>>> print(open('start24.cif').read())   # mmCIF, C-alpha atoms
data_model
#
loop_
_atom_site.label_atom_id
_atom_site.label_comp_id
_atom_site.auth_asym_id
_atom_site.auth_seq_id
_atom_site.Cartn_x
_atom_site.Cartn_y
_atom_site.Cartn_z
CA MET J 1 8.16 96.55 30.96
CA ILE J 2 10.98 94.19 29.88
CA LEU J 3 13.62 96.07 27.88
CA ASP J 4 16.87 94.22 28.67
CA LEU J 5 17.13 92.15 25.49
CA ASP J 6 20.08 90.24 24.08
CA TRP J 7 20.17 91.45 20.48
CA ARG J 8 23.31 89.46 19.71
CA SER J 9 21.54 86.22 20.61
CA ARG J 10 18.71 87.24 18.29
CA ILE J 11 21.19 87.58 15.41
CA GLU J 12 22.84 84.28 16.31
CA SER J 13 19.45 82.54 16.17
CA LEU J 14 18.79 83.65 12.59
CA PRO J 15 19.25 81.29 9.64
CA PRO J 16 22.35 82.15 7.55
CA GLU J 17 20.40 83.78 4.71
CA PHE J 18 18.65 86.07 7.19
CA ARG J 19 21.94 87.13 8.75
CA GLY J 20 23.27 88.09 5.32
CA ARG J 21 20.07 90.00 4.55
CA LEU J 22 20.29 91.78 7.90
CA ALA J 23 23.92 92.82 7.37
CA GLU J 24 23.21 94.19 3.90
CA ARG J 25 20.16 96.15 5.04
CA ALA J 26 21.96 97.56 8.08
CA GLU J 27 24.71 98.84 5.79
CA THR J 28 22.25 100.47 3.37
CA ALA J 29 19.42 101.61 5.66
CA PRO J 30 17.66 104.70 4.22
CA LEU J 31 18.26 107.37 6.86
CA PHE J 32 16.29 110.62 6.72
CA ALA J 33 16.80 113.88 8.61
CA HIS J 34 13.75 114.70 10.70
CA ALA J 35 12.82 118.31 11.33
CA TYR J 36 11.92 117.61 14.96
CA ALA J 37 15.62 117.12 15.67
CA PHE J 38 15.79 120.90 15.07
CA HIS J 39 12.41 121.70 16.63
CA LEU J 40 13.63 124.65 18.72
CA ASN J 41 15.91 126.01 16.00
CA LEU J 42 12.98 125.99 13.59
CA ARG J 43 10.74 127.75 16.14
CA PHE J 44 13.14 130.23 17.69
CA GLY J 45 16.42 130.20 15.75
CA GLY J 46 15.44 131.25 12.25
CA MET J 47 16.20 127.83 10.76
CA THR J 48 14.37 127.11 7.49
CA PRO J 49 13.38 123.97 5.57
CA LEU J 50 16.29 124.63 3.21
CA ASP J 51 18.67 124.58 6.19
CA LEU J 52 17.28 121.14 7.10
CA ALA J 53 17.91 119.99 3.54
CA ALA J 54 21.49 121.28 3.77
CA PHE J 55 21.97 119.32 7.00
CA ALA J 56 20.66 116.12 5.37
CA HIS J 57 22.89 116.60 2.33
CA GLY J 58 25.94 117.35 4.47
CA GLU J 59 25.39 114.17 6.51
CA GLY J 60 24.84 112.03 3.41
CA LEU J 61 21.25 111.18 4.31
CA ARG J 62 18.60 109.94 1.88
CA GLY J 63 16.08 112.71 2.44
CA ILE J 64 14.10 114.84 4.89
CA LYS J 65 10.93 114.41 6.92
CA ILE J 66 9.39 117.80 7.65
CA HIS J 67 6.13 118.98 9.21
CA VAL J 68 4.03 121.50 7.29
CA SER J 69 4.44 124.02 10.13
CA ASP J 70 8.17 123.59 10.79
CA GLY J 71 10.00 126.87 10.29
CA GLU J 72 7.30 129.31 11.35
CA HIS J 73 7.09 132.07 8.71
CA ALA J 74 9.35 130.00 6.41
CA SER J 75 7.33 126.78 6.79
CA LEU J 76 5.76 124.71 4.04
CA GLU J 77 2.29 125.92 5.00
CA ALA J 78 3.48 129.53 4.63
CA MET J 79 4.89 128.92 1.14
CA SER J 80 3.09 129.73 -2.09
CA HIS J 81 2.78 127.07 -4.76
CA ALA J 82 5.70 128.65 -6.61
CA GLU J 83 7.82 128.61 -3.45
CA LEU J 84 6.97 124.97 -2.83
CA ARG J 85 8.07 124.10 -6.37
CA ALA J 86 11.29 126.05 -5.90
CA PHE J 87 12.03 124.19 -2.65
CA ALA J 88 11.30 120.90 -4.39
CA GLU J 89 13.86 121.77 -7.06
CA GLN J 90 16.45 122.70 -4.44
CA ALA J 91 15.94 119.36 -2.68
CA ARG J 92 16.17 117.52 -6.00
CA GLU J 93 19.48 119.22 -6.79
CA LEU J 94 20.77 117.98 -3.41
CA GLY J 95 19.61 114.46 -4.24
CA LEU J 96 17.06 114.40 -1.40
CA GLU J 97 13.66 112.74 -1.14
CA ILE J 98 10.98 114.76 0.68
CA HIS J 99 8.48 113.36 3.17
CA VAL J 100 5.84 115.74 4.51
CA GLU J 101 4.19 115.42 7.93
CA THR J 102 1.00 116.85 9.42
CA SER J 103 -0.67 116.52 12.82
CA THR J 104 -4.22 115.82 11.74
CA THR J 105 -6.42 113.50 9.72
CA ALA J 106 -9.30 116.01 9.60
CA PRO J 107 -10.34 116.61 5.96
CA GLU J 108 -9.37 120.29 5.64
CA GLY J 109 -5.91 119.89 7.15
CA LEU J 110 -5.27 116.56 5.43
CA SER J 111 -6.30 117.92 2.03
CA ASP J 112 -4.03 120.94 2.41
CA ALA J 113 -1.08 118.77 3.45
CA VAL J 114 -1.66 116.43 0.50
CA GLN J 115 -1.68 119.31 -1.97
CA ARG J 116 1.53 120.76 -0.52
CA ALA J 117 3.19 117.35 -0.59
CA LEU J 118 2.21 116.88 -4.22
CA ALA J 119 3.55 120.34 -5.12
CA LEU J 120 6.86 119.30 -3.53
CA ASN J 121 6.98 116.00 -5.43
CA ALA J 122 7.10 114.38 -2.01
CA THR J 123 6.76 110.62 -1.87
CA SER J 124 5.20 110.29 1.58
CA LEU J 125 2.79 112.06 3.94
CA ARG J 126 2.62 111.27 7.68
CA CYS J 127 -0.54 111.98 9.66
CA TYR J 128 -2.26 111.07 12.91
CA PRO J 129 -5.63 111.87 14.51
CA LEU J 130 -5.77 114.64 17.07
CA TYR J 131 -9.37 114.29 18.14
CA GLU J 132 -11.06 114.54 21.53
CA GLY J 133 -13.54 111.77 22.19
CA ARG J 134 -14.05 108.12 22.99
CA VAL J 135 -11.51 105.79 21.42
CA SER J 136 -14.27 104.15 19.35
CA GLU J 137 -15.23 107.59 18.00
CA ILE J 138 -11.63 108.54 17.21
CA VAL J 139 -11.09 105.27 15.35
CA ALA J 140 -14.32 105.73 13.35
CA TRP J 141 -13.56 109.38 12.53
CA THR J 142 -10.02 108.49 11.43
CA ILE J 143 -11.24 105.70 9.16
CA ASP J 144 -13.70 108.11 7.56
CA ASP J 145 -10.98 110.76 7.17
CA LEU J 146 -8.47 108.44 5.55
CA ARG J 147 -11.00 107.07 3.08
CA ARG J 148 -11.01 110.59 1.60
CA LEU J 149 -7.41 110.15 0.46
CA ARG J 150 -8.73 108.76 -2.82
CA GLN J 151 -10.29 112.14 -3.64
CA PHE J 152 -7.36 114.21 -2.32
CA ASP J 153 -4.72 112.20 -4.24
CA PRO J 154 -6.63 110.40 -7.02
CA ALA J 155 -3.45 109.32 -8.83
CA GLY J 156 -2.14 107.71 -5.66
CA ARG J 157 1.22 109.48 -5.82
CA LEU J 158 1.73 109.59 -2.06
CA ARG J 159 2.43 106.84 0.45
CA VAL J 160 0.39 107.95 3.44
CA THR J 161 1.59 106.79 6.85
CA LEU J 162 -0.46 106.76 10.04
CA GLU J 163 1.65 107.19 13.16
CA GLN J 164 0.98 105.84 16.63
CA HIS J 165 0.98 109.16 18.40
CA GLU J 166 0.67 108.28 22.08
CA ASP J 167 -3.08 107.67 22.40
CA LEU J 168 -4.22 104.79 20.16
CA THR J 169 -2.94 101.24 20.64
CA SER J 170 -1.28 99.15 17.97
CA ASP J 171 -4.40 97.00 17.53
CA GLU J 172 -6.51 100.13 16.99
CA LEU J 173 -4.07 101.44 14.37
CA VAL J 174 -4.04 98.12 12.52
CA ARG J 175 -7.83 98.13 12.52
CA ILE J 176 -7.85 101.60 10.93
CA VAL J 177 -5.47 100.53 8.17
CA GLN J 178 -7.42 97.35 7.49
CA GLU J 179 -10.77 99.16 7.41
CA VAL J 180 -9.52 101.90 5.06
CA ALA J 181 -8.04 99.16 2.85
CA SER J 182 -5.94 101.48 0.70
CA PRO J 183 -2.74 100.16 -0.90
CA ASN J 184 -1.19 103.59 -0.26
CA LEU J 185 -1.85 103.60 3.49
CA SER J 186 0.67 102.12 5.93
CA LEU J 187 1.95 102.67 9.47
CA LEU J 188 4.82 104.77 10.76
CA PHE J 189 6.46 103.13 13.78
CA ASP J 190 7.80 105.56 16.38
CA PHE J 191 10.33 104.09 18.83
CA ALA J 192 8.67 105.60 21.94
CA ASN J 193 5.08 106.65 21.29
CA MET J 194 3.56 103.28 22.19
CA ILE J 195 4.73 103.75 25.78
CA ASN J 196 2.06 106.38 26.46
CA ALA J 197 -0.60 103.93 25.21
CA HIS J 198 0.74 101.42 27.78
CA GLU J 199 2.48 99.17 25.27
CA SER J 200 6.07 97.95 25.28
CA PRO J 201 8.22 98.73 22.20
CA LEU J 202 8.83 95.24 20.80
CA ALA J 203 5.28 94.08 21.51
CA ALA J 204 3.93 97.11 19.62
CA LEU J 205 6.37 96.50 16.78
CA GLY J 206 5.18 92.91 16.52
CA ARG J 207 1.53 93.94 16.31
CA GLN J 208 2.19 96.64 13.71
CA ALA J 209 4.88 94.81 11.73
CA ALA J 210 2.87 93.77 8.69
CA HIS J 211 1.89 97.38 7.99
CA ILE J 212 5.05 99.40 8.82
CA THR J 213 6.88 101.23 6.03
CA ASP J 214 8.43 104.18 7.91
CA VAL J 215 10.13 104.72 11.25
CA HIS J 216 10.98 107.53 13.69
CA ILE J 217 14.16 106.72 15.64
CA LYS J 218 14.56 108.30 19.07
CA ASP J 219 15.32 107.27 22.65
CA CYS J 220 13.71 108.02 26.00
CA MET J 221 13.44 107.36 29.68
CA ILE J 222 10.24 105.61 30.77
CA GLN J 223 8.52 107.17 33.79
CA PRO J 224 5.57 105.96 35.91
CA ASP J 225 2.62 108.29 35.45
CA ARG J 226 -0.68 107.87 37.37
CA GLY J 227 -0.59 104.11 36.92
CA GLY J 228 0.53 104.33 33.29
CA TRP J 229 3.76 105.23 31.53
CA ALA J 230 5.09 108.57 30.32
CA HIS J 231 8.22 109.08 28.28
CA LEU J 232 10.93 111.73 28.48
CA ALA J 233 13.00 111.84 25.30
CA CYS J 234 16.78 111.85 25.63
CA ALA J 235 19.88 111.50 23.48
CA THR J 236 19.78 108.34 21.40
CA GLY J 237 21.69 105.56 23.10
CA GLN J 238 21.33 107.08 26.57
CA GLY J 239 17.77 105.96 27.28
CA GLU J 240 15.93 102.76 28.07
CA LEU J 241 14.69 101.67 24.65
CA PRO J 242 15.99 98.45 23.03
CA ILE J 243 17.25 100.29 19.96
CA HIS J 244 19.46 97.51 18.59
CA ALA J 245 16.64 94.98 18.99
CA MET J 246 14.02 97.19 17.34
CA LEU J 247 16.28 98.02 14.41
CA ILE J 248 17.02 94.34 13.85
CA GLU J 249 13.32 93.44 13.67
CA LEU J 250 12.56 96.39 11.40
CA LEU J 251 15.45 95.63 9.05
CA LEU J 252 14.29 92.03 8.73
CA LEU J 253 10.81 93.04 7.53
CA GLY J 254 10.25 92.27 3.86
CA GLU J 255 11.53 89.29 1.91
CA ALA J 256 12.69 90.17 -1.61
CA LYS J 257 13.23 93.81 -0.65
CA PRO J 258 13.20 95.87 2.55
CA GLN J 259 9.74 96.74 3.84
CA ILE J 260 11.02 99.83 5.68
CA LEU J 261 11.50 102.67 3.21
CA ALA J 262 12.69 105.41 5.58
CA PHE J 263 14.23 105.70 9.04
CA GLY J 264 13.69 109.27 10.30
CA LEU J 265 16.29 110.52 12.77
CA GLU J 266 13.98 112.26 15.23
CA GLU J 267 16.14 113.31 18.16
CA GLU J 268 13.83 114.89 20.74
CA GLU J 269 15.97 115.52 23.81
CA GLY J 270 13.77 117.17 26.45
CA TYR J 271 10.39 116.28 24.92
CA PHE J 272 7.91 114.95 27.49
CA ALA J 273 4.72 113.00 26.77
CA PRO J 274 2.36 111.93 29.58
CA ALA J 275 0.48 108.64 29.85
CA LEU J 276 -2.69 108.57 27.74
CA ARG J 277 -3.83 104.97 28.28
CA TRP J 278 -3.89 102.83 31.43
CA PRO J 279 -4.19 99.09 32.10
CA LEU J 280 -7.23 99.51 34.36
CA GLN J 281 -9.62 101.73 32.46
CA GLU J 282 -13.02 101.40 30.87
CA ALA J 283 -13.36 99.52 27.60
CA ASP J 284 -13.90 102.67 25.53
CA PRO J 285 -11.87 105.38 27.28
CA PHE J 286 -12.13 109.11 26.64
CA ILE J 287 -9.15 110.93 25.11
CA ALA J 288 -9.00 114.61 26.07
CA ALA J 289 -8.15 117.38 23.65
CA ARG J 290 -4.43 117.99 23.14
CA THR J 291 -2.12 120.01 20.93
CA PRO J 292 0.47 118.79 18.42
CA SER J 293 3.84 117.87 19.93
CA PHE J 294 6.21 120.57 21.08
CA THR J 295 9.26 120.70 23.34
CA ASP J 296 9.43 123.21 26.18
CA LEU J 297 12.37 125.56 25.76
CA GLY J 298 13.11 125.35 29.48
CA PRO J 299 15.13 127.79 31.57
CA SER J 300 18.34 127.50 29.51
CA ASN J 301 19.89 130.40 27.68
CA LEU J 302 18.27 130.40 24.23
CA ALA J 303 21.48 130.49 22.20
CA GLN J 304 22.96 127.71 24.32
CA ARG J 305 19.83 125.55 23.98
CA LEU J 306 19.77 125.99 20.20
CA ARG J 307 23.44 124.99 19.94
CA GLN J 308 22.82 121.99 22.17
CA GLU J 309 19.96 120.84 19.94
CA SER J 310 22.08 121.15 16.80
CA VAL J 311 24.95 119.23 18.39
CA ALA J 312 22.51 116.49 19.45
CA ALA J 313 21.09 116.20 15.93
CA HIS J 314 24.53 115.68 14.43
CA ALA J 315 25.44 113.25 17.21
CA GLN J 316 22.33 111.15 16.56
CA VAL J 317 23.42 110.54 12.98
CA ARG J 318 26.74 109.16 14.24
CA THR J 319 25.08 107.11 16.97
CA VAL J 320 22.52 105.46 14.68
CA ARG J 321 25.14 104.70 12.06
CA SER J 322 27.30 103.15 14.77
CA ILE J 323 24.39 100.98 15.94
CA LEU J 324 23.69 99.86 12.39
CA GLU J 325 27.39 99.06 11.98
CA ASP J 326 27.23 97.01 15.21
CA ILE J 327 24.34 95.01 13.76
CA ALA J 328 26.00 94.44 10.39
CA THR J 329 29.30 93.46 11.99
CA GLU J 330 27.66 91.03 14.39
CA ALA J 331 25.70 89.39 11.57
CA LEU J 332 28.77 89.02 9.37
CA ASN J 333 31.10 87.98 12.18
CA HIS J 334 28.74 85.29 13.38
CA GLU J 335 28.58 83.89 9.87
CA ASP J 336 32.38 83.89 9.69
CA ARG J 337 32.57 82.07 13.04
CA ARG J 338 30.04 79.51 11.85
CA ASN J 339 32.05 78.90 8.68
CA VAL J 340 35.25 78.46 10.69
CA ARG J 341 33.59 75.88 12.94
CA THR J 342 32.16 74.08 9.93
CA HIS J 343 35.57 73.72 8.28
CA LEU J 344 37.54 72.69 11.37
CA PRO J 345 39.10 69.18 11.03
#
>>> encode(input="start24.cif", output="C-alpha cells")
Amino acid sequence: MILDLDWRSRIESLPPEFRGRLAERAETAPLFAHAYAFHLNLRFGGMTPLDLAAFAHGEGLRGIKIHVSDGEHASLEAMSHAELRAFAEQARELGLEIHVETSTTAPEGLSDAVQRALALNATSLRCYPLYEGRVSEIVAWTIDDLRRLRQFDPAGRLRVTLEQHEDLTSDELVRIVQEVASPNLSLLFDFANMINAHESPLAALGRQAAHITDVHIKDCMIQPDRGGWAHLACATGQGELPIHAMLIELLLLGEAKPQILAFGLEEEEGYFAPALRWPLQEADPFIAARTPSFTDLGPSNLAQRLRQESVAAHAQVRTVRSILEDIATEALNHEDRRNVRTHLP
C-alpha cells in the first residue's frame, strides 16, 4: 500500500483557480464533533448527548454526529419524543446542526433511526449494513432496505449517507447508491475503513468521489492480517494515513460549491478492526456476523482512560485545523510565488 504522497506537489500542480478554491474551502471546512471521539466516556463515564453538544459549541464546530445508542441510558434511542424535541432545541440554541447515525440498514432499525432524526430536526442520517451472508446477498439486501427510505421519510428531509464500514468495497457501495437511485442517498467516506476491505485510501476515495457528501476523519496504523489488512486507530497525525492528501481531494470535490457538507472528527485511539476482505478469495465471499463498532477499554485505570480520551478529542480538533491551515497556506503561498515569478523583470 503506497501512502507516502507529496501533497505539496499536488497543490502546485493545480490550476490557479483550483488553488484559490482549495484555500477558501480549507479555511471554511464544516467540522463536526463525532460522538465516537468520546466513545468510552459515553459508555462508562456518564457523558450525555448534551455534553457532546457543549463540546462542539465550545470548540466552535458546525455540529454533531451522534449514534442513536451513544450515551447508554441517556442516548437518543432511550429518549421520548418530547425529550428528542427538547434536545433539538438545546442544539439549535447552541447553533449546532445534528447528524444522526445508526449501525443498520434493516427496516425496523432504519425506520426508528429516521423517525428519531426527524424529531431532532437532523439534516443527515448515517447507516451501513451489518448482515451476515455472501457479498452479493448483502448488496441486494441493502439495496432493498434503502429503497424503503421513500416510505420512512416521504418528504425527503434527510440526507442519508451509506458508510463503507470495513466489509464492502468501494465499487460495491457505488453500485448500491446507483441501484437505489435516490437523490437523498450519498456516501460517507471514512479515512480508514477501506483498509479492511483491502483497498488503499486514495484509491477508495477516487472510486467513491462522485457520491461522497460526508466524511469521518481519523488516523490509524495499518497491520498485516491473515493476508489482508487490519487497522489500529491512533491519534490523528501519528498514523500512516495520507491525511493531507485525502483532505485536499475531498475539499476539491464540487465545482460551484463544496460537495462535502460535513467532516466528522472521529478520533478512535485504540479501536481495532480486523481484515474482512482479501486479495485471493472467491468471487462472492462470505461475511460473518459481527457487532457494531466498539473500543475495548483495556487494562488502564478507568478514570485515566476517560481523561485520555477527552484530551485526545480536544487535540484532534487542533490537529485537523492545523492540517487545514497547512493546506490553505500552501495553496495561497504557491499562488504568491507564481505571481512573483510572473512579475520579475
>>> closest_residue(input="start24.cif", among="J:Gly58, J:Pro285, J:Gly63, J:Pro49", to="His99 (chain J)", atoms="all atoms listed in the file")
J:Gly63
>>> resolve_selection(input="start24.cif", expression="the PyMOL selection byres ((chain J and resi 263) around 9)", output="PyMOL selection string")
chain J and resi 29-33+214-217+260-262+264-265
>>> resolve_selection(input="start24.cif", expression="the PyMOL selection byres ((chain J and resi 47) around 12)", output="VMD selection string")
chain J and resid 35 to 46 48 to 55 70 to 75 306 310
>>> residues_around(input="start24.cif", residues="Thr169 (chain J)", least_positions_apart="3", cutoff="10 Å", atoms="all atoms listed in the file", output="list in words")
Val135, Gln164, His165, Glu166, Glu172, Leu173, Val174, Arg175, Asn193, Met194, Ile195, Asn196, Ala197, His198, Glu199, Ala204, Arg207, Gln208 and Arg277 of chain J
>>> resolve_selection(input="start24.cif", expression="the PyMOL selection byres ((chain J and resi 184) around 12)", output="count of residues only")
30
>>> residues_near_point(input="start24.cif", point="(13.3, 114.7, 22.7)", cutoff="10 Å", atoms="all atoms listed in the file", output="number ranges by chain")
J: 36-37, 39, 218-220, 231-236, 266-273, 294-296, 309, 312
>>> write_last_selection(input="start24.cif", atoms="C-alpha atoms", output="CSV table (one decimal), in the frame of the given file")
chain,number,residue,atom,x,y,z
J,36,TYR,CA,11.9,117.6,15.0
J,37,ALA,CA,15.6,117.1,15.7
J,39,HIS,CA,12.4,121.7,16.6
J,218,LYS,CA,14.6,108.3,19.1
J,219,ASP,CA,15.3,107.3,22.6
J,220,CYS,CA,13.7,108.0,26.0
J,231,HIS,CA,8.2,109.1,28.3
J,232,LEU,CA,10.9,111.7,28.5
J,233,ALA,CA,13.0,111.8,25.3
J,234,CYS,CA,16.8,111.8,25.6
J,235,ALA,CA,19.9,111.5,23.5
J,236,THR,CA,19.8,108.3,21.4
J,266,GLU,CA,14.0,112.3,15.2
J,267,GLU,CA,16.1,113.3,18.2
J,268,GLU,CA,13.8,114.9,20.7
J,269,GLU,CA,16.0,115.5,23.8
J,270,GLY,CA,13.8,117.2,26.4
J,271,TYR,CA,10.4,116.3,24.9
J,272,PHE,CA,7.9,115.0,27.5
J,273,ALA,CA,4.7,113.0,26.8
J,294,PHE,CA,6.2,120.6,21.1
J,295,THR,CA,9.3,120.7,23.3
J,296,ASP,CA,9.4,123.2,26.2
J,309,GLU,CA,20.0,120.8,19.9
J,312,ALA,CA,22.5,116.5,19.4
>>> atom_distance(input="start24.cif", atom1="CA of Ser80 (chain J)", atom2="CA of Arg92 (chain J)")
18.3 Å
>>> closest_residue(input="start24.cif", among="J:Asn121, J:Ser13, J:Gln238, J:Gln259", to="Ala209 (chain J)", atoms="all atoms listed in the file")
J:Gln259
>>> atom_distance(input="start24.cif", atom1="CA of Ser322 (chain J)", atom2="CA of Arg305 (chain J)")
25.3 Å
>>> residues_around(input="start24.cif", residues="Gly227 (chain J)", least_positions_apart="5", cutoff="9 Å", atoms="all atoms listed in the file", output="mmCIF file with C-alpha atoms, keeping the file's coordinate frame")
data_model
loop_
_atom_site.group_PDB
_atom_site.id
_atom_site.type_symbol
_atom_site.label_atom_id
_atom_site.label_comp_id
_atom_site.auth_asym_id
_atom_site.auth_seq_id
_atom_site.Cartn_x
_atom_site.Cartn_y
_atom_site.Cartn_z
ATOM 1 C CA ALA J 275 0.480 108.640 29.850
ATOM 2 C CA TRP J 278 -3.890 102.830 31.430
ATOM 3 C CA PRO J 279 -4.190 99.090 32.100
ATOM 4 C CA LEU J 280 -7.230 99.510 34.360
#
>>> residues_near_point(input="start24.cif", point="(3.9, 118.9, 10.7)", cutoff="9 Å", atoms="all atoms listed in the file", output="PyMOL selection string")
chain J and resi 35+66-70+100-104+113+126-127+292
>>> atom_distance(input="start24.cif", atom1="CA of Thr319 (chain J)", atom2="CA of Phe189 (chain J)")
19.3 Å
>>> closest_residue(input="start24.cif", among="J:Leu205, J:Glu179, J:Glu89, J:Gly239", to="Ala122 (chain J)", atoms="all atoms listed in the file")
J:Glu89
>>> closest_residue(input="start24.cif", among="J:Ala23, J:Ala303, J:Ala106, J:Ala88", to="Ile323 (chain J)", atoms="all atoms listed in the file")
J:Ala23
>>> decode(input="start24.cif", residues="region 198-241 of chain J", atoms="C-alpha atoms", output="PDB file, in the first residue's frame")
ATOM      1  CA  HIS J 198      -8.241  -4.434   1.112  1.00  0.00           C
ATOM      2  CA  GLU J 199      -8.379  -1.024  -0.536  1.00  0.00           C
ATOM      3  CA  SER J 200      -5.929   1.857  -0.211  1.00  0.00           C
ATOM      4  CA  PRO J 201      -7.293   5.228   0.997  1.00  0.00           C
ATOM      5  CA  LEU J 202      -6.815   7.392  -2.096  1.00  0.00           C
ATOM      6  CA  ALA J 203      -7.883   4.638  -4.484  1.00  0.00           C
ATOM      7  CA  ALA J 204     -11.100   4.172  -2.486  1.00  0.00           C
ATOM      8  CA  LEU J 205     -11.652   7.927  -2.399  1.00  0.00           C
ATOM      9  CA  GLY J 206     -11.286   8.077  -6.170  1.00  0.00           C
ATOM     10  CA  ARG J 207     -13.860   5.331  -6.708  1.00  0.00           C
ATOM     11  CA  GLN J 208     -16.366   6.864  -4.287  1.00  0.00           C
ATOM     12  CA  ALA J 209     -15.705  10.522  -5.110  1.00  0.00           C
ATOM     13  CA  ALA J 210     -18.771  11.291  -7.212  1.00  0.00           C
ATOM     14  CA  HIS J 211     -21.081  10.189  -4.390  1.00  0.00           C
ATOM     15  CA  ILE J 212     -19.369  11.458  -1.205  1.00  0.00           C
ATOM     16  CA  THR J 213     -21.061  14.173   0.867  1.00  0.00           C
ATOM     17  CA  ASP J 214     -19.788  13.383   4.382  1.00  0.00           C
ATOM     18  CA  VAL J 215     -16.501  12.312   5.945  1.00  0.00           C
ATOM     19  CA  HIS J 216     -15.146  10.695   9.116  1.00  0.00           C
ATOM     20  CA  ILE J 217     -11.612  11.915   9.873  1.00  0.00           C
ATOM     21  CA  LYS J 218      -9.347   9.613  11.866  1.00  0.00           C
ATOM     22  CA  ASP J 219      -5.879   8.074  11.641  1.00  0.00           C
ATOM     23  CA  CYS J 220      -4.527   4.558  12.075  1.00  0.00           C
ATOM     24  CA  MET J 221      -1.681   2.125  11.789  1.00  0.00           C
ATOM     25  CA  ILE J 222      -2.066  -0.489   9.056  1.00  0.00           C
ATOM     26  CA  GLN J 223      -1.304  -4.057  10.137  1.00  0.00           C
ATOM     27  CA  PRO J 224      -0.959  -7.281   8.112  1.00  0.00           C
ATOM     28  CA  ASP J 225      -3.769  -9.666   8.997  1.00  0.00           C
ATOM     29  CA  ARG J 226      -4.040 -13.204   7.532  1.00  0.00           C
ATOM     30  CA  GLY J 227      -3.047 -11.967   4.090  1.00  0.00           C
ATOM     31  CA  GLY J 228      -5.209  -8.851   4.315  1.00  0.00           C
ATOM     32  CA  TRP J 229      -5.025  -5.577   6.213  1.00  0.00           C
ATOM     33  CA  ALA J 230      -6.319  -4.614   9.644  1.00  0.00           C
ATOM     34  CA  HIS J 231      -6.269  -1.140  11.119  1.00  0.00           C
ATOM     35  CA  LEU J 232      -5.499   0.070  14.628  1.00  0.00           C
ATOM     36  CA  ALA J 233      -6.754   3.603  15.185  1.00  0.00           C
ATOM     37  CA  CYS J 234      -4.382   6.129  16.744  1.00  0.00           C
ATOM     38  CA  ALA J 235      -4.129   9.842  17.409  1.00  0.00           C
ATOM     39  CA  THR J 236      -4.669  11.867  14.250  1.00  0.00           C
ATOM     40  CA  GLY J 237      -1.363  12.792  12.674  1.00  0.00           C
ATOM     41  CA  GLN J 238       0.522   9.924  14.316  1.00  0.00           C
ATOM     42  CA  GLY J 239      -0.568   7.147  11.969  1.00  0.00           C
ATOM     43  CA  GLU J 240       0.084   6.051   8.414  1.00  0.00           C
ATOM     44  CA  LEU J 241      -2.816   7.625   6.532  1.00  0.00           C
TER      45      LEU J 241
END
